[in-house]
Amino acid sequence: MSHQPVVSIVCLAYQHAPYIRQALDGFVMQQTSFPFEVVVHDDASTDGTAAVIREYTVRFPEILKPILQSENQFSQEPGRVTRIAISAAKGKYIAYCEGDDYWTDPLKLQKQVDLLESDPAASGCFHFVQQVYDHSETIGRLFGDHGPKRRFTVTDTISERALFHPASFMFRRSALHLPKWYGSIKSGDMAMFTLVANEGYLACIPDTMAVYRKHDRGITSTSAHLGNPYHLNRIHLWLYVDRHFRYKYHAKCVELMRHHWRHICTVCTPWARLRHLFKLARIHPAW
């Protein structure tokens with residue numbers, strides 16, 4: 001069997017000590033007819049995450065390719081962590097999963113590679129992901145379930161909510177070229193979906209093969225994903241996407257920006273709205 005990996009699993013970890021073992025177990029349990037690697041990037045965690053990664057690297061030296069930072073990279077430049085990890089990936093395909101989520105199906109990688117190998121028109125694929133609440137038996141929503149529809153285009157990814165959860169995403173490495181503005185946005189997963197979808201279409205496998213763990217230390221629990229900051233960040237995202245694609249999807253982007261602006265207007269005073277407009281105009285003169 002060739003040592004060149006067909007799939008690179010890219011795992012971004014930060015302060016994930018309580019969860020990273022389950023994520024790594026989900027990777028190394030994969031049953032495939034091809035070699036794969038795990039590029040796991042720890043961004044200078046202080047809670048013992050790196051120690052767990054070192055332990056698994058000793059146990060699975062042919063699979064794990066750790067990147068253990070001594071200084072936090074995200075604080076120096078948002079978007080740098082993703083660039084570093086993807087640049088280190090050697091596989092034809094990239095499968096994405098953060099260190100606090102985990103996979104539940106040992107055939108996940110095989111199913112996704114089989115699909116992409118059989119259909120060159122598909123630039124990526126995803127599957128269902130079940131949301132669960134940490135320290136609770138409460139089950140949340142099922143990500144990626146859009147009824148009988150199985151093929152999705154760029155315009156499907158330009159939406160109020162993410163089309164699917166990143167823990168389910170596999171895409172052709174050749175389909176993703178991160179633009180300079182990638183580090184300027186908060187919703188990097190949604191931008192990634194759109195960029196990859198522009199190179200083909202995204203296929204859905206209607207199987208639940210991963211878990212999204214909702215906990216109070218996750219990124220979606222931060223202020224950037226609440227209230228006005230959330231809506232402003234989404235406006236930034238679609239402004240960048242609109243300009244990136246030379247306004248090819250302008251109507252859809254404008255529809256979403258208006259949606260988020262209406263939410264801001266319902267809670268902001270006229271003066272606050274004016275301040276937000278000035279901030280947007282400084283970053284996006286065309287706004």
# chains A, B, ... in the order shown; residues from 1 in each chain; ligands from 1

$ select_by_dssp --residues "stretch 57-276 of chain A" --states "strand (DSSP E or B)" --output "ChimeraX atom specification"
/A:64-68,93-96,102-103,122-133,139-143,151-152,170-172,201-214

$ write_last_selection --atoms "N, CA and C atoms" --output "tab-separated table (two decimals), in the first residue's frame"
chain	number	residue	atom	x	y	z
A	64	LEU	N	-0.74	9.91	12.78
A	64	LEU	CA	-0.81	11.27	13.32
A	64	LEU	C	0.39	12.10	12.90
A	65	LYS	N	0.10	13.31	12.43
A	65	LYS	CA	1.11	14.30	12.07
A	65	LYS	C	0.82	15.56	12.88
A	66	PRO	N	1.34	15.64	14.10
A	66	PRO	CA	0.98	16.75	14.98
A	66	PRO	C	1.71	18.05	14.64
A	67	ILE	N	1.00	19.14	14.85
A	67	ILE	CA	1.58	20.48	14.80
A	67	ILE	C	1.25	21.11	16.15
A	68	LEU	N	2.25	21.20	17.02
A	68	LEU	CA	2.04	21.66	18.39
A	68	LEU	C	2.70	23.03	18.55
A	93	TYR	N	-7.78	14.35	-0.77
A	93	TYR	CA	-9.00	14.85	-0.15
A	93	TYR	C	-8.70	15.31	1.27
A	94	ILE	N	-9.48	16.27	1.74
A	94	ILE	CA	-9.36	16.76	3.11
A	94	ILE	C	-10.68	16.54	3.82
A	95	ALA	N	-10.60	15.92	4.99
A	95	ALA	CA	-11.77	15.74	5.86
A	95	ALA	C	-11.55	16.60	7.09
A	96	TYR	N	-12.57	17.30	7.50
A	96	TYR	CA	-12.43	18.33	8.54
A	96	TYR	C	-13.17	17.92	9.80
A	102	TYR	N	-16.71	14.70	17.18
A	102	TYR	CA	-16.16	13.36	16.94
A	102	TYR	C	-17.01	12.59	15.94
A	103	TRP	N	-16.35	11.61	15.30
A	103	TRP	CA	-17.00	10.75	14.31
A	103	TRP	C	-17.48	9.47	14.97
A	122	ALA	N	-18.39	16.33	-8.40
A	122	ALA	CA	-18.57	16.71	-7.00
A	122	ALA	C	-17.24	17.23	-6.44
A	123	SER	N	-17.25	18.46	-5.97
A	123	SER	CA	-16.04	19.02	-5.38
A	123	SER	C	-15.94	18.73	-3.88
A	124	GLY	N	-17.05	18.32	-3.29
A	124	GLY	CA	-17.06	17.98	-1.87
A	124	GLY	C	-18.31	17.23	-1.51
A	125	CYS	N	-18.34	16.72	-0.28
A	125	CYS	CA	-19.54	16.03	0.19
A	125	CYS	C	-19.65	16.16	1.70
A	126	PHE	N	-20.84	15.89	2.20
A	126	PHE	CA	-21.10	15.98	3.64
A	126	PHE	C	-22.13	14.94	4.02
A	127	HIS	N	-22.38	14.83	5.32
A	127	HIS	CA	-23.38	13.88	5.82
A	127	HIS	C	-24.07	14.51	7.02
A	128	PHE	N	-24.98	13.80	7.61
A	128	PHE	CA	-25.70	14.32	8.77
A	128	PHE	C	-24.79	14.31	10.00
A	129	VAL	N	-25.01	15.29	10.87
A	129	VAL	CA	-24.28	15.38	12.14
A	129	VAL	C	-25.30	15.66	13.25
A	130	GLN	N	-25.23	14.87	14.30
A	130	GLN	CA	-26.16	15.04	15.41
A	130	GLN	C	-25.59	15.98	16.47
A	131	GLN	N	-26.35	16.97	16.84
A	131	GLN	CA	-25.94	17.87	17.91
A	131	GLN	C	-26.31	17.26	19.26
A	132	VAL	N	-25.36	17.28	20.20
A	132	VAL	CA	-25.64	16.85	21.57
A	132	VAL	C	-25.11	17.92	22.51
A	133	TYR	N	-25.75	18.03	23.66
A	133	TYR	CA	-25.34	19.01	24.65
A	133	TYR	C	-24.44	18.36	25.69
A	139	ILE	N	-30.67	15.96	23.15
A	139	ILE	CA	-30.28	15.89	21.75
A	139	ILE	C	-30.76	17.17	21.05
A	140	GLY	N	-29.88	17.76	20.28
A	140	GLY	CA	-30.21	18.97	19.53
A	140	GLY	C	-30.65	18.63	18.11
A	141	ARG	N	-30.44	19.58	17.21
A	141	ARG	CA	-30.91	19.38	15.85
A	141	ARG	C	-29.94	18.50	15.04
A	142	LEU	N	-30.46	18.01	13.94
A	142	LEU	CA	-29.66	17.19	13.03
A	142	LEU	C	-29.17	18.08	11.89
A	143	PHE	N	-27.87	18.30	11.83
A	143	PHE	CA	-27.28	19.15	10.80
A	143	PHE	C	-27.19	18.41	9.47
A	151	ARG	N	-27.97	17.05	-3.97
A	151	ARG	CA	-26.95	17.86	-4.63
A	151	ARG	C	-27.18	19.33	-4.31
A	152	PHE	N	-26.08	20.03	-4.00
A	152	PHE	CA	-26.18	21.42	-3.57
A	152	PHE	C	-25.16	22.28	-4.31
A	170	MET	N	-15.93	16.68	3.60
A	170	MET	CA	-14.76	16.20	2.87
A	170	MET	C	-14.77	16.87	1.51
A	171	PHE	N	-13.61	17.33	1.07
A	171	PHE	CA	-13.55	18.03	-0.21
A	171	PHE	C	-12.23	17.74	-0.91
A	172	ARG	N	-12.22	18.01	-2.20
A	172	ARG	CA	-10.99	17.85	-2.97
A	172	ARG	C	-10.02	18.96	-2.57
A	201	TYR	N	-20.11	20.69	-7.26
A	201	TYR	CA	-21.30	20.71	-6.42
A	201	TYR	C	-21.00	19.92	-5.16
A	202	LEU	N	-21.80	20.08	-4.13
A	202	LEU	CA	-21.63	19.36	-2.88
A	202	LEU	C	-22.69	18.27	-2.78
A	203	ALA	N	-22.25	17.05	-2.51
A	203	ALA	CA	-23.15	15.91	-2.42
A	203	ALA	C	-23.42	15.56	-0.96
A	204	CYS	N	-24.63	15.12	-0.70
A	204	CYS	CA	-25.02	14.72	0.66
A	204	CYS	C	-25.14	13.20	0.75
A	205	ILE	N	-24.51	12.64	1.78
A	205	ILE	CA	-24.70	11.23	2.13
A	205	ILE	C	-25.67	11.21	3.30
A	206	PRO	N	-26.84	10.64	3.16
A	206	PRO	CA	-27.87	10.73	4.20
A	206	PRO	C	-27.66	9.76	5.37
A	207	ASP	N	-26.46	9.76	5.93
A	207	ASP	CA	-26.14	8.95	7.10
A	207	ASP	C	-25.64	9.86	8.21
A	208	THR	N	-25.99	9.56	9.45
A	208	THR	CA	-25.48	10.30	10.60
A	208	THR	C	-24.17	9.65	11.04
A	209	MET	N	-23.05	10.36	10.85
A	209	MET	CA	-21.75	9.75	11.08
A	209	MET	C	-20.84	10.58	11.98
A	210	ALA	N	-21.39	11.61	12.64
A	210	ALA	CA	-20.58	12.43	13.53
A	210	ALA	C	-21.47	13.12	14.55
A	211	VAL	N	-20.83	13.62	15.60
A	211	VAL	CA	-21.52	14.34	16.67
A	211	VAL	C	-20.89	15.72	16.83
A	212	TYR	N	-21.76	16.71	16.88
A	212	TYR	CA	-21.35	18.08	17.20
A	212	TYR	C	-21.65	18.31	18.67
A	213	ARG	N	-20.60	18.51	19.45
A	213	ARG	CA	-20.74	18.67	20.88
A	213	ARG	C	-20.95	20.15	21.22
A	214	LYS	N	-22.09	20.48	21.76
A	214	LYS	CA	-22.40	21.86	22.15
A	214	LYS	C	-22.00	22.04	23.61

$ atom_distance --atom1 "atom CA of A:Lys90" --atom2 "atom CA of A:Phe27"
16.3 Å

$ closest_residue --among "A:Pro106, A:Glu55, A:Ser87, A:Ile264" --to "A:His177" --atoms "only C-alpha atoms"
A:Ser87

$ residues_around --residues "A:His244" --least-positions-apart "2" --cutoff "12 Å" --atoms "only C-alpha atoms" --output "list in words"
His177, Leu178, Pro179, Lys180, Trp181, Tyr182, Ala191, Thr194, Leu195, Asn198, Leu237, Trp238, Leu239, Tyr240, Val241, Asp242, Arg246, Tyr247, Lys248, Tyr249, His250 and Cys253 of chain A

$ closest_residue --among "A:Asp156, A:Asp101, A:Glu137, A:Glu77" --to "A:Gly183" --atoms "only C-alpha atoms"
A:Glu77

$ atom_distance --atom1 "atom CA of A:Pro35" --atom2 "atom CA of A:Leu109"
10.6 Å

$ select_by_dssp --residues "stretch 8-251 of chain A" --states "alpha helix (DSSP H)" --output "ChimeraX atom specification"
/A:20-28,49-59,80-88,108-118,154-157,188-197,227-244,250-251

$ closest_residue --among "A:Thr157, A:Thr57, A:Gln73, A:Thr266" --to "A:Asp43" --atoms "only C-alpha atoms"
A:Gln73

$ closest_residue --among "A:Glu71, A:Glu98, A:Asp145, A:Glu255" --to "A:Ala13" --atoms "only C-alpha atoms"
A:Glu98

$ residues_around --residues "A:Lys252" --least-positions-apart "6" --cutoff "9 Å" --atoms "only C-alpha atoms" --output "number ranges by chain"
A: 155, 158-159, 242

$ closest_residue --among "A:Pro61, A:Pro18, A:Pro148, A:Pro229" --to "A:Thr49" --atoms "only C-alpha atoms"
A:Pro18

$ atom_distance --atom1 "atom CA of A:Phe74" --atom2 "atom CA of A:Ala175"
23.8 Å

$ closest_residue --among "A:Ser8, A:Thr82, A:Gln15, A:Gln30" --to "A:Ala50" --atoms "only C-alpha atoms"
A:Gln15

$ decode --residues "stretch 248-261 of chain A" --atoms "all heavy atoms" --output "mmCIF file, in the first residue's frame"
data_model
loop_
_atom_site.group_PDB
_atom_site.id
_atom_site.type_symbol
_atom_site.label_atom_id
_atom_site.label_comp_id
_atom_site.auth_asym_id
_atom_site.auth_seq_id
_atom_site.Cartn_x
_atom_site.Cartn_y
_atom_site.Cartn_z
ATOM 1 N N LYS A 248 -21.401 37.720 -8.909
ATOM 2 C CA LYS A 248 -22.151 36.709 -9.656
ATOM 3 C C LYS A 248 -23.385 36.252 -8.880
ATOM 4 O O LYS A 248 -24.417 35.908 -9.465
ATOM 5 C CB LYS A 248 -21.234 35.511 -9.940
ATOM 6 C CG LYS A 248 -21.866 34.415 -10.771
ATOM 7 C CD LYS A 248 -20.875 33.302 -11.046
ATOM 8 C CE LYS A 248 -21.491 32.183 -11.872
ATOM 9 N NZ LYS A 248 -20.499 31.100 -12.146
ATOM 10 N N TYR A 249 -23.277 36.244 -7.549
ATOM 11 C CA TYR A 249 -24.392 35.826 -6.698
ATOM 12 C C TYR A 249 -24.901 37.008 -5.872
ATOM 13 O O TYR A 249 -25.306 36.853 -4.718
ATOM 14 C CB TYR A 249 -23.937 34.683 -5.783
ATOM 15 C CG TYR A 249 -23.240 33.569 -6.533
ATOM 16 C CD1 TYR A 249 -21.860 33.385 -6.423
ATOM 17 C CD2 TYR A 249 -23.947 32.717 -7.375
ATOM 18 C CE1 TYR A 249 -21.210 32.383 -7.121
ATOM 19 C CE2 TYR A 249 -23.314 31.714 -8.085
ATOM 20 C CZ TYR A 249 -21.938 31.549 -7.948
ATOM 21 O OH TYR A 249 -21.306 30.553 -8.649
ATOM 22 N N HIS A 250 -24.892 38.160 -6.482
ATOM 23 C CA HIS A 250 -25.176 39.408 -5.775
ATOM 24 C C HIS A 250 -26.568 39.409 -5.147
ATOM 25 O O HIS A 250 -26.728 39.815 -3.988
ATOM 26 C CB HIS A 250 -25.036 40.580 -6.753
ATOM 27 C CG HIS A 250 -25.204 41.921 -6.112
ATOM 28 N ND1 HIS A 250 -24.345 42.388 -5.141
ATOM 29 C CD2 HIS A 250 -26.142 42.902 -6.303
ATOM 30 C CE1 HIS A 250 -24.727 43.589 -4.760
ATOM 31 N NE2 HIS A 250 -25.816 43.921 -5.442
ATOM 32 N N ALA A 251 -27.569 38.983 -5.880
ATOM 33 C CA ALA A 251 -28.941 39.032 -5.363
ATOM 34 C C ALA A 251 -29.081 38.210 -4.087
ATOM 35 O O ALA A 251 -29.710 38.649 -3.112
ATOM 36 C CB ALA A 251 -29.916 38.541 -6.431
ATOM 37 N N LYS A 252 -28.477 37.025 -4.064
ATOM 38 C CA LYS A 252 -28.572 36.159 -2.885
ATOM 39 C C LYS A 252 -27.804 36.771 -1.711
ATOM 40 O O LYS A 252 -28.275 36.733 -0.566
ATOM 41 C CB LYS A 252 -28.026 34.781 -3.229
ATOM 42 C CG LYS A 252 -28.301 33.719 -2.184
ATOM 43 C CD LYS A 252 -29.740 33.302 -2.187
ATOM 44 C CE LYS A 252 -30.042 32.225 -1.135
ATOM 45 N NZ LYS A 252 -29.472 30.918 -1.494
ATOM 46 N N CYS A 253 -26.626 37.328 -1.983
ATOM 47 C CA CYS A 253 -25.837 37.948 -0.920
ATOM 48 C C CYS A 253 -26.563 39.161 -0.336
ATOM 49 O O CYS A 253 -26.607 39.347 0.886
ATOM 50 C CB CYS A 253 -24.459 38.353 -1.442
ATOM 51 S SG CYS A 253 -23.351 36.976 -1.813
ATOM 52 N N VAL A 254 -27.145 39.978 -1.188
ATOM 53 C CA VAL A 254 -27.879 41.160 -0.728
ATOM 54 C C VAL A 254 -29.083 40.750 0.108
ATOM 55 O O VAL A 254 -29.386 41.362 1.134
ATOM 56 C CB VAL A 254 -28.311 42.025 -1.930
ATOM 57 C CG1 VAL A 254 -29.323 43.087 -1.500
ATOM 58 C CG2 VAL A 254 -27.097 42.682 -2.562
ATOM 59 N N GLU A 255 -29.762 39.717 -0.307
ATOM 60 C CA GLU A 255 -30.916 39.217 0.455
ATOM 61 C C GLU A 255 -30.516 38.867 1.886
ATOM 62 O O GLU A 255 -31.216 39.211 2.851
ATOM 63 C CB GLU A 255 -31.484 37.987 -0.254
ATOM 64 C CG GLU A 255 -32.624 37.302 0.483
ATOM 65 C CD GLU A 255 -33.018 35.987 -0.172
ATOM 66 O OE1 GLU A 255 -32.768 35.823 -1.385
ATOM 67 O OE2 GLU A 255 -33.564 35.127 0.534
ATOM 68 N N LEU A 256 -29.381 38.196 2.035
ATOM 69 C CA LEU A 256 -28.920 37.819 3.368
ATOM 70 C C LEU A 256 -28.448 39.026 4.171
ATOM 71 O O LEU A 256 -28.720 39.130 5.365
ATOM 72 C CB LEU A 256 -27.791 36.800 3.250
ATOM 73 C CG LEU A 256 -28.230 35.380 2.916
ATOM 74 C CD1 LEU A 256 -27.028 34.520 2.604
ATOM 75 C CD2 LEU A 256 -29.032 34.776 4.046
ATOM 76 N N MET A 257 -27.734 39.928 3.529
ATOM 77 C CA MET A 257 -27.267 41.110 4.246
ATOM 78 C C MET A 257 -28.445 41.943 4.747
ATOM 79 O O MET A 257 -28.416 42.469 5.865
ATOM 80 C CB MET A 257 -26.342 41.926 3.338
ATOM 81 C CG MET A 257 -24.978 41.278 3.130
ATOM 82 S SD MET A 257 -23.810 42.309 2.218
ATOM 83 C CE MET A 257 -24.364 42.069 0.525
ATOM 84 N N ARG A 258 -29.475 42.063 3.942
ATOM 85 C CA ARG A 258 -30.669 42.790 4.377
ATOM 86 C C ARG A 258 -31.343 42.091 5.554
ATOM 87 O O ARG A 258 -31.823 42.741 6.486
ATOM 88 C CB ARG A 258 -31.647 42.919 3.212
ATOM 89 C CG ARG A 258 -31.225 43.951 2.176
ATOM 90 C CD ARG A 258 -32.165 43.941 0.978
ATOM 91 N NE ARG A 258 -31.826 45.011 0.051
ATOM 92 C CZ ARG A 258 -32.322 45.109 -1.184
ATOM 93 N NH1 ARG A 258 -33.182 44.189 -1.633
ATOM 94 N NH2 ARG A 258 -31.964 46.107 -1.969
ATOM 95 N N HIS A 259 -31.354 40.773 5.512
ATOM 96 C CA HIS A 259 -31.928 39.987 6.605
ATOM 97 C C HIS A 259 -31.210 40.297 7.915
ATOM 98 O O HIS A 259 -31.856 40.574 8.950
ATOM 99 C CB HIS A 259 -31.830 38.498 6.276
ATOM 100 C CG HIS A 259 -32.012 37.600 7.461
ATOM 101 N ND1 HIS A 259 -33.247 37.297 7.989
ATOM 102 C CD2 HIS A 259 -31.098 36.944 8.243
ATOM 103 C CE1 HIS A 259 -33.102 36.501 9.022
ATOM 104 N NE2 HIS A 259 -31.810 36.264 9.200
ATOM 105 N N HIS A 260 -29.878 40.273 7.904
ATOM 106 C CA HIS A 260 -29.118 40.516 9.126
ATOM 107 C C HIS A 260 -29.208 41.987 9.554
ATOM 108 O O HIS A 260 -29.240 42.275 10.755
ATOM 109 C CB HIS A 260 -27.667 40.088 8.926
ATOM 110 C CG HIS A 260 -27.497 38.598 8.820
ATOM 111 N ND1 HIS A 260 -27.705 37.743 9.872
ATOM 112 C CD2 HIS A 260 -27.160 37.804 7.763
ATOM 113 C CE1 HIS A 260 -27.499 36.501 9.494
ATOM 114 N NE2 HIS A 260 -27.167 36.505 8.217
ATOM 115 N N TRP A 261 -29.263 42.892 8.594
ATOM 116 C CA TRP A 261 -29.383 44.307 8.946
ATOM 117 C C TRP A 261 -30.728 44.597 9.604
ATOM 118 O O TRP A 261 -30.814 45.404 10.530
ATOM 119 C CB TRP A 261 -29.179 45.180 7.713
ATOM 120 C CG TRP A 261 -29.177 46.647 8.041
ATOM 121 C CD1 TRP A 261 -30.103 47.573 7.702
ATOM 122 C CD2 TRP A 261 -28.175 47.343 8.794
ATOM 123 N NE1 TRP A 261 -29.760 48.802 8.199
ATOM 124 C CE2 TRP A 261 -28.578 48.695 8.866
ATOM 125 C CE3 TRP A 261 -26.978 46.957 9.400
ATOM 126 C CZ2 TRP A 261 -27.837 49.652 9.540
ATOM 127 C CZ3 TRP A 261 -26.236 47.914 10.070
ATOM 128 C CH2 TRP A 261 -26.664 49.241 10.125
#
